[in-house]
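Participant: I am attaching a structure below and will ask some questions about it afterwards.
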Amino acid sequence: MAEIKVPELAESITEGTIAQWLKQPGETVEKGEFIVELETDKVNVEVISEEAGVVQELLAAEGDTVQVGQVIAVVGEGSGNGSTTNNPVEADPAEADAPVKKVQEAPTQQMTSAPVAKEESSSIDRTIASPAARKLAREKGIDLTAVSTVDPMGRVRVQDVDAHSNAPKQAPAAPAAATVAPKAEDSRVKREKMSRRRQTIAKRLLEVKQSTAMLTTFNEIDMTNVMALRSRKKDKFFEVHDVRLGFMSFFTKAVTSALKKYPYVNAELDGDEVLLKQFYDIGIAVSTEEGLVVPIVRDTNHKNFAEIEANIGELAKKARDKKLQIADMTGGSFTITNGGVFGSLMSTPILNGTQVGILGMHTIQKRPVAIGDEVQIRPMMYVALSYDHRVIDGKDSVGFLKTIKELIENPEDLLLES
């Protein structure tokens with residue numbers, strides 16, 4: 001008999017969600033064959049069976065949160081029959097460790113119970129609920145059929161039972177003339193459960209806001225010269241390197257140069273110590289259907305424009321195709337996010353994880369600006385640097401952003417540095 005455990009996922013990931021069971025109880029599984037798909041904060045991971053045999057028991061249901069090292073299934077010897085009689089969605093956690101024979105005998109035992117008890121048990125059994133939710137409902141004496149759930153499949157979760165338990169008791173009814181009948185749900189409102197990834201994004205953004213002394217400083221960049229250079233070189237660049245020349249490579253190189261000049265922006269706070277990173281792994285935020293992900297372009301100080309553009313393109317494609325690996329998104333030292341692709345004129349980006357700085361790019365907009373004693377129409381971009389004031393002082397934050405401005409406005413300097 002072999003236990004299927006949640007594997008080590010990544011240094012910063014301690015739990016995941018059962019996204020889909022690829023095998024059901026009674027089905028045969030080969031050694032090395034995938035048995036379950038886990039959804040983590042960043043990517044989906046398929047877990048294999050270390051032994052060949054028959055799936056005897058699933059100890060967690062789809063949608064349940066499981067911890068690294070937790071046993072989630074049992075594979076034993078025998079031949080499979082394709083049966084799914086021990087589906088965890090319908091199983092009672094009190095009987096999770098019981099032999100299959102006991103589960104099969106349960107109807108006979110119920111027949112000896114009082115008619116009322118049988119009716120109540122039947123009603124509860126028909127309710128789809130996770131094992132943990134059933135256990136909690138029994139402990140609190142709650143009828144599962146009375147619990148409301150936001151799950152689109154109608155499955156009752158632990159949080160639904162908690163919400164039902166903590167809901168205020170309904171006050172005694174007022175006289176009929178003064179009673180206002182409450183609406184169960186406005187038909188114009190669509191209730192949708194957040195995906196695990198969206199929940200994690202929300203949780204971590206809130207943690208960053210609450211645990212850092214985050215400030216944002218702004219500047220604006222005249223994009224005239226870099227746009228002209230790109231226009232002159234883009235066709236030849238594509239012909240030689242087979243990759244398009246975009247603005248992200250210019251900003252990535254500018255950020256790398258600015259980080260060398262202001263090393264505390266390329267740092268991390270660890271207790272009462274500052275970790276000054278001697279590498280330049282720049283995260284590039286990518287929007288996907290499931291939310292924002294930040295794959296990493298490694299060693300940008302050693303890469304030229306073509307290599308950076310190629311890396312960004314590859315990572316963006318993997319993100320859209322949901323093929324990013326955990327290694328693609330861990331270990332970054334600084335992040336760039338470009339809200340300009342959606343038309344954002346100005347924003348205050350939130351720090352990414354333990355990093356102490358993030359650069360926000362925005363849309364390019366033609367505006368009248370003073371050039372010497374003249375007013376000219378120039379393509380301008382607002383840029384924002386959000387930073388952790390515990391590590392970075394205002395002088396460094398302003399200087400960092402000014403350095404990026406100067407390099408983008410004089411792109412030949414970036415080419416010389418490359």
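Ligands are numbered from 1 in the order shown, chains are lettered A, B, ... in the order of the structure tokens, and residues start at 1 in each chain.
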Using DSSP on the backbone coordinates, identify the residues of range 185-368 of chain A assigned to strand (DSSP E); present them as a PyMOL selection string.
Facilitator: chain A and resi 214-222+267-270+273-276+282-284+286-288+291-293+296-297+334-338+357-361+364-368
Participant: At most 8 Å is the cut-off: for each residue in range 254-293 of chain A with any atom that close to an atom of range 341-358 of chain A, write down the nearest atom pair and the distance in Å rounded to one decimal, counting only C-alpha atoms, chain first then increasing number, as a tab-separated table.
Facilitator:
```
residue	atom	partner	partner_atom	distance
A:Val265	CA	A:Gly357	CA	5.8
A:Asn266	CA	A:Val356	CA	7.2
A:Ala267	CA	A:Val356	CA	6.3
A:Glu268	CA	A:Gln355	CA	5.5
A:Leu269	CA	A:Thr354	CA	7.2
```
Participant: List as a list in words the protein and nucleic acid residues near Ala310 in chain A, meaning an atom at most 7 Å away when only C-alpha atoms are counted, but skip any in the same chain fewer than 4 places from it.
Facilitator: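 Within the cut-off, the hits are Val243, Ala306 and Glu314 of chain A.
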Participant: With distances taken over only C-alpha atoms, which residue among A:Ala137, A:Val161, A:Met227, A:Ala2 lies nearest Ile364 in chain A?
Facilitator: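 Of A:Ala137, A:Val161, A:Met227, A:Ala2, the one nearest Ile364 in chain A is A:Met227, counting only C-alpha atoms.
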Participant: Measure the distance from CA of His389 in chain A to CA of Tyr264 in chain A in Å and round it to one decimal.
Facilitator: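 Result for CA of His389 in chain A versus CA of Tyr264 in chain A: 10.8 Å, one decimal.
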Participant: Return the single residue from A:Thr65, A:Ser231, A:Gln56, A:Thr252 that is closest to Ala19 in chain A, with distances computed using only C-alpha atoms.
Facilitator: A:Thr65
Participant: Out of A:Phe400, A:Trp21, A:Tyr280, A:Phe237, which residue has the shortest atom-to-atom distance to Tyr387 in chain A when counting only C-alpha atoms?
Facilitator: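 Nearest candidate to Tyr387 in chain A out of A:Phe400, A:Trp21, A:Tyr280, A:Phe237: A:Phe400.
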Participant: Interatomic distance between CA of Met329 in chain A and CA of Thr288 in chain A?
Facilitator: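 Atom-to-atom, CA of Met329 in chain A to CA of Thr288 in chain A, that is 14.2 Å.
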